[in-house]
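Engineer: Questions regarding the structure given below will be posed in turn.
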Amino acid sequence: QQQMLQPSQWQPTLDATVTLESYFKRLPRLPPKGLDLEVARAIASSKRPVLYVGGGCVDAADELRKFVDLTGIPVTQTLMGLGSFDETDPLALQMLGMHGTVYANYAIHKCDLLLAFGVRFDDRVTGKVKEFAPDASVVHVDIDAAEIGKNKAVDHSICADTRDTLAALNALFEQKQVEMDTTAIAAWVAEVQEQKELHPMQYPDYQDAIAPQHAIEVLEEVTRGEAVVSTGVGQHQMWAAQWYRFAKPRRWLTSGGLGTMGFGLPAAIGAAAAFKQSGEKVTVVDIDGDGSFLMNAQELATVV
């Protein structure tokens with residue numbers, strides 16, 4: 001039937017209103033106030049806390065920003081969480097784990113409280129789980145009850161949307177029901193900042209070629225960290241995650257743990273179509289490797 005229609009008869013429309021009643025009924029309710037207060041007290045009593053945030057915080061960026069402003073806690077992000085917190089902020093430690101920064105991993109190793117919000121403690125982040133945040137109490141907030149305590153034992157847990165949880169915690173700090181030890185936090189942040197200076201991210205300086213990392217750095221500078229960036233899977237994916245500092249959430253499109261080569265080009269096409277439909281002018285870039293690009297190179301016909 002679709003082949004019999006004229007193009008003008010089947011132009012797609014993007015409808016953002018979707019109602020899935022049976023799904024929404026199963027979502028966790030708001031966490032009990034007593035549980036929020038318990039977690040807030042644990043945060044306030046810590047001397048070396050660190051935020052470890054993932055894809056579950058992408059839609060809680062405003063609440064996360066406010067929480068960091070209220071507490072002064074440094075933030076490290078997973079591959080799927082990039083952009084949840086402005087990576088150009090002094091408290092941003094960029095990505096952690098196998099492909100992360102030295103200073104992010106230092107903060108995780110030395111912290112006394114790990115605030116794991118919207119994350120799953122996957123092996124590319126933790127390495128040996130027993131050696132991940134070895135001296136820290138762990139607070140795990142996740143909307144999926146199956147993830148809590150699955151890979152890492154936790155001391156405090158909240159099964160709820162991270163946006164709701166952060167909003168509740170922010171209210172407690174704003175009302176002065178709990179207060180941070182600002183002197184201890186300042187000393188901790190200074191210690192982590194020292195690691196940033198001692199172990200900055202680096203790449204080779206080629207005399208006869210442009211380093212891929214440098215090209216991505218320039219791209220970030222030109223677009224001010226506000227472009228939509230998609231990737232395939234491989235080294236180019238890690239370079240993009242490491243060297244493009246995202247200033248906003250939902251600007252990073254990658255298949256993450258699914259490891260889907262060929263994802264970059266069609267994802268970029270989808271993003272460009274969506275932003276064109278919304279009327280917002282946004283630069284969309286597919287940073288790709290040759291293998292991933294060839295997986296869906298035929299989609300160039302869709303682009304033109």
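Chain labels run A, B, ... following the order of the structure tokens; each chain numbers its residues from 1, and ligands are numbered from 1 in the order shown.
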Show which residues sit within 6 Å of Ala92 of chain A, as an NGL selection string. Count only C-alpha atoms, and ignore same-chain residues fewer than 3 positions away.
Structural biologist: :A and (75 or 87 or 89)
Engineer: Go ahead and write the residues just picked, N, CA, C and O atoms, as a short mmCIF file (atom, residue, chain, number, x, y, z; two decimals), in the first residue's frame.
Structural biologist:
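As a result, out-v2.cif now contains:
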data_model
loop_
_atom_site.label_atom_id
_atom_site.label_comp_id
_atom_site.auth_asym_id
_atom_site.auth_seq_id
_atom_site.Cartn_x
_atom_site.Cartn_y
_atom_site.Cartn_z
N VAL A 75 31.48 15.96 39.95
CA VAL A 75 30.63 15.07 39.17
C VAL A 75 31.43 14.33 38.10
O VAL A 75 32.16 14.95 37.32
N GLU A 87 30.08 19.71 31.04
CA GLU A 87 31.44 19.20 31.17
C GLU A 87 32.51 20.29 31.19
O GLU A 87 33.68 20.00 31.46
N ASP A 89 32.23 22.77 33.30
CA ASP A 89 32.17 23.27 34.67
C ASP A 89 33.41 22.79 35.45
O ASP A 89 33.87 21.67 35.26
#
Engineer: I want to know what sits within 12 Å of Asp288 of chain A, based on only C-alpha atoms, with residues of the same chain fewer than 2 positions away left out; could you give that as a PyMOL selection string?
Structural biologist: chain A and resi 212+216+229-240+253-254+261-268+285-286+290-297
Engineer: Distance atom CA of Gly270 of chain A-atom CA of Gly225 of chain A, one decimal place?
Structural biologist: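 For atom CA of Gly270 of chain A relative to atom CA of Gly225 of chain A, the distance reads 19.6 Å.
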Engineer: Choose the residue, out of A:Leu51, A:Leu198, A:Ile158, A:Val228, that has the smallest atom-to-atom separation from Ile287 of chain A; count only C-alpha atoms.
Structural biologist: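 Answer, going by the shortest atom-to-atom distance: A:Val228.
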Engineer: To one decimal place, how far is atom CA of Lys150 of chain A from atom CA of Leu27 of chain A in Å?
Structural biologist: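 According to the coordinates, atom CA of Lys150 of chain A and atom CA of Leu27 of chain A are separated by 19.0 Å.
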Engineer: Excluding Tyr203 of chain A and its own-chain neighbours fewer than 4 positions away, which residues fall within 10 Å of it when counting only C-alpha atoms? Please give them as a ChimeraX atom specification.
Structural biologist: /A:211-214
Engineer: How about saving the chosen residues, N, CA, C and O atoms kept, as a PDB file, in the first residue's frame?
Structural biologist:
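This went into again-v7.pdb:
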ATOM      1  N   ALA A 211      45.835  14.953  14.592  1.00  0.00           N
ATOM      2  CA  ALA A 211      45.379  13.958  15.560  1.00  0.00           C
ATOM      3  C   ALA A 211      43.851  13.979  15.619  1.00  0.00           C
ATOM      4  O   ALA A 211      43.243  15.052  15.669  1.00  0.00           O
ATOM      5  N   PRO A 212      43.201  12.812  15.595  1.00  0.00           N
ATOM      6  CA  PRO A 212      41.734  12.778  15.686  1.00  0.00           C
ATOM      7  C   PRO A 212      41.210  13.521  16.912  1.00  0.00           C
ATOM      8  O   PRO A 212      40.188  14.193  16.857  1.00  0.00           O
ATOM      9  N   GLN A 213      41.939  13.392  18.025  1.00  0.00           N
ATOM     10  CA  GLN A 213      41.516  14.070  19.253  1.00  0.00           C
ATOM     11  C   GLN A 213      41.523  15.590  19.074  1.00  0.00           C
ATOM     12  O   GLN A 213      40.630  16.284  19.582  1.00  0.00           O
ATOM     13  N   HIS A 214      42.510  16.076  18.344  1.00  0.00           N
ATOM     14  CA  HIS A 214      42.595  17.523  18.103  1.00  0.00           C
ATOM     15  C   HIS A 214      41.424  17.984  17.237  1.00  0.00           C
ATOM     16  O   HIS A 214      40.830  19.045  17.485  1.00  0.00           O
TER      17      HIS A 214
END
Engineer: Any idea what's packed within 6 Å of Gly83 of chain A, counting only C-alpha atoms, ignoring anything in its chain fewer than 3 positions away? Could you give it as a list of chain:residue names?
Structural biologist: A:Asp86, A:Phe246, A:Ala247, A:Lys248, A:Pro249
Engineer: Using only N, CA, C and O atoms, please write the residues we just selected to a file, as a JSON list (two decimals), in the first residue's frame.
Structural biologist:
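As written to disk, result_11.json reads:
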[["chain", "number", "residue", "atom", "x", "y", "z"],
["A", 86, "ASP", "N", 27.15, 19.95, 32.76],
["A", 86, "ASP", "CA", 28.01, 20.71, 31.86],
["A", 86, "ASP", "C", 29.48, 20.31, 32.07],
["A", 86, "ASP", "O", 30.06, 20.53, 33.13],
["A", 246, "PHE", "N", 30.37, 18.06, 26.41],
["A", 246, "PHE", "CA", 28.97, 18.43, 26.16],
["A", 246, "PHE", "C", 28.46, 19.41, 27.21],
["A", 246, "PHE", "O", 28.60, 19.18, 28.41],
["A", 247, "ALA", "N", 27.87, 20.49, 26.73],
["A", 247, "ALA", "CA", 27.34, 21.51, 27.63],
["A", 247, "ALA", "C", 25.88, 21.28, 27.98],
["A", 247, "ALA", "O", 25.37, 21.88, 28.93],
["A", 248, "LYS", "N", 25.21, 20.43, 27.20],
["A", 248, "LYS", "CA", 23.77, 20.21, 27.39],
["A", 248, "LYS", "C", 23.46, 18.71, 27.35],
["A", 248, "LYS", "O", 24.20, 17.94, 26.72],
["A", 249, "PRO", "N", 22.35, 18.29, 27.96],
["A", 249, "PRO", "CA", 21.94, 16.89, 27.84],
["A", 249, "PRO", "C", 21.30, 16.62, 26.48],
["A", 249, "PRO", "O", 20.92, 17.53, 25.77]]
Engineer: Select from segment 17-120 of chain A every residue with an atom at most 8 Å from any atom of segment 161-166 of chain A, then for each give the shortest pair of atoms and their distance in Å to one decimal, using only C-alpha atoms, rows by chain and rising number, as a Markdown table.
Structural biologist:
| residue | atom | partner | partner_atom | distance |
| --- | --- | --- | --- | --- |
| A:Pro28 | CA | A:Asp161 | CA | 7.4 |
| A:Leu30 | CA | A:Asp164 | CA | 6.7 |
| A:Pro31 | CA | A:Thr165 | CA | 7.0 |
| A:Asp36 | CA | A:Thr165 | CA | 7.3 |
| A:Gly56 | CA | A:Thr162 | CA | 6.6 |
| A:Cys57 | CA | A:Thr162 | CA | 6.2 |
| A:Asp59 | CA | A:Arg163 | CA | 7.1 |
| A:Ala60 | CA | A:Arg163 | CA | 4.6 |
| A:Glu63 | CA | A:Leu166 | CA | 5.8 |
| A:Leu64 | CA | A:Leu166 | CA | 6.6 |
| A:Phe67 | CA | A:Leu166 | CA | 6.9 |
| A:Phe117 | CA | A:Thr162 | CA | 6.5 |
| A:Gly118 | CA | A:Thr162 | CA | 6.4 |
Engineer: May I have the residues from that selection written out with N, CA and C atoms, as a compact mmCIF listing (two decimals), in the first residue's frame?
Structural biologist:
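The result, stored in again_8.txt:
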# COMPACT_ATOMS: atom_id res chain seq x y z
N PRO A 28 8.05 3.31 39.63
CA PRO A 28 8.12 3.56 41.07
C PRO A 28 7.45 4.88 41.45
N LEU A 30 6.99 8.19 44.17
CA LEU A 30 7.96 9.08 44.80
C LEU A 30 8.52 8.42 46.04
N PRO A 31 9.82 8.58 46.30
CA PRO A 31 10.42 7.95 47.49
C PRO A 31 9.86 8.57 48.77
N ASP A 36 14.54 10.03 51.83
CA ASP A 36 15.28 11.17 51.29
C ASP A 36 16.12 11.83 52.38
N GLY A 56 20.41 7.71 33.45
CA GLY A 56 19.21 8.00 34.22
C GLY A 56 19.11 9.45 34.66
N CYS A 57 20.17 10.22 34.44
CA CYS A 57 20.16 11.65 34.82
C CYS A 57 20.01 12.58 33.62
N ASP A 59 17.51 13.31 31.81
CA ASP A 59 16.32 14.14 31.90
C ASP A 59 16.19 14.81 33.27
N ALA A 60 17.27 14.79 34.03
CA ALA A 60 17.27 15.44 35.35
C ALA A 60 18.40 16.44 35.45
N GLU A 63 17.82 19.55 37.76
CA GLU A 63 17.85 19.17 39.18
C GLU A 63 19.27 18.82 39.62
N LEU A 64 20.03 18.17 38.73
CA LEU A 64 21.42 17.83 39.04
C LEU A 64 22.26 19.09 39.19
N PHE A 67 21.52 20.60 42.48
CA PHE A 67 22.08 19.81 43.57
C PHE A 67 23.57 20.09 43.73
N PHE A 117 23.78 7.80 40.72
CA PHE A 117 22.44 8.21 40.29
C PHE A 117 22.20 7.81 38.84
N GLY A 118 21.25 6.91 38.63
CA GLY A 118 20.88 6.52 37.27
C GLY A 118 21.98 5.77 36.55
Engineer: Go through A:Tyr244, A:Phe132, A:Phe121, A:Trp188 one by one, measure the shortest atom-to-atom distance of each to Val50 of chain A using only C-alpha atoms, and give the residue with the smallest value.
Structural biologist: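 Among the listed residues, the smallest separation from Val50 of chain A belongs to A:Trp188.
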Engineer: A:Asp122, A:Glu179, A:Glu191, A:Glu280: which is nearest Arg41 of chain A, counting only C-alpha atoms?
Structural biologist: A:Glu179
Engineer: Write out as a ChimeraX atom specification the residues lying within 12 Å of Lys128 of chain A, counting only C-alpha atoms and excluding same-chain residues fewer than 6 positions away.
Structural biologist: /A:97-98,109,121-122,134,151-152
Engineer: DSSP on the backbone: what in segment 72-216 of chain A comes out strand (DSSP E), as a ChimeraX atom specification?
Structural biologist: /A:75-77,92-95,113-117,137-142,156-159
Engineer: Could you save those same residues with C-alpha atoms as a compact mmCIF listing (two decimals), in the first residue's frame?
Structural biologist:
# COMPACT_ATOMS: atom_id res chain seq x y z
CA VAL A 75 30.63 15.07 39.17
CA THR A 76 31.81 12.25 36.94
CA GLN A 77 29.65 10.84 34.15
CA ALA A 92 33.04 18.24 36.09
CA LEU A 93 35.51 15.33 36.11
CA GLN A 94 34.45 14.02 32.68
CA MET A 95 34.04 10.29 32.09
CA LEU A 113 30.56 8.55 49.74
CA LEU A 114 29.62 7.46 46.23
CA LEU A 115 26.37 8.94 44.94
CA ALA A 116 25.40 6.63 42.08
CA PHE A 117 22.44 8.21 40.29
CA SER A 137 29.52 4.17 51.46
CA VAL A 138 27.27 3.84 48.42
CA VAL A 139 23.97 5.56 47.68
CA HIS A 140 22.26 4.06 44.62
CA VAL A 141 19.26 5.76 43.02
CA ASP A 142 17.71 3.99 40.04
CA HIS A 156 21.40 3.39 50.92
CA SER A 157 19.07 2.87 47.98
CA ILE A 158 16.11 4.66 46.47
CA CYS A 159 14.07 3.04 43.70
Engineer: Could you give me, as number ranges by chain, the residues within 12 Å of Glu197 of chain A, counting only C-alpha atoms and dropping anything in the same chain fewer than 5 positions from it?
Structural biologist: A: 90, 93, 101-103, 190-192, 202
Engineer: Go ahead and write the residues just picked, N, CA and C atoms, as a short mmCIF file (atom, residue, chain, number, x, y, z; two decimals), in the first residue's frame.
Structural biologist:
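Now in selection-v5.cif:
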data_model
loop_
_atom_site.label_atom_id
_atom_site.label_comp_id
_atom_site.auth_asym_id
_atom_site.auth_seq_id
_atom_site.Cartn_x
_atom_site.Cartn_y
_atom_site.Cartn_z
N PRO A 90 33.95 23.63 36.33
CA PRO A 90 35.13 23.23 37.11
C PRO A 90 34.91 21.97 37.95
N LEU A 93 34.31 16.17 36.19
CA LEU A 93 35.51 15.33 36.11
C LEU A 93 35.53 14.51 34.83
N THR A 101 39.01 9.64 32.72
CA THR A 101 40.15 10.47 33.10
C THR A 101 40.80 9.93 34.38
N VAL A 102 42.06 10.29 34.55
CA VAL A 102 42.78 9.90 35.76
C VAL A 102 42.12 10.51 36.99
N TYR A 103 41.75 11.78 36.88
CA TYR A 103 41.21 12.47 38.05
C TYR A 103 39.81 11.99 38.43
N ALA A 190 39.68 20.78 46.17
CA ALA A 190 41.04 21.23 45.88
C ALA A 190 41.96 20.04 45.60
N GLU A 191 41.78 18.95 46.34
CA GLU A 191 42.57 17.74 46.13
C GLU A 191 42.32 17.14 44.75
N VAL A 192 41.05 17.10 44.35
CA VAL A 192 40.70 16.56 43.04
C VAL A 192 41.19 17.49 41.92
N GLN A 202 45.78 13.94 27.46
CA GLN A 202 46.80 14.27 26.47
C GLN A 202 46.64 13.40 25.23
#
Engineer: To one decimal in Å, tell me the separation between atom CA of Arg26 of chain A and atom CA of Asp123 of chain A.
Structural biologist: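 For atom CA of Arg26 of chain A relative to atom CA of Asp123 of chain A, the distance reads 28.2 Å.
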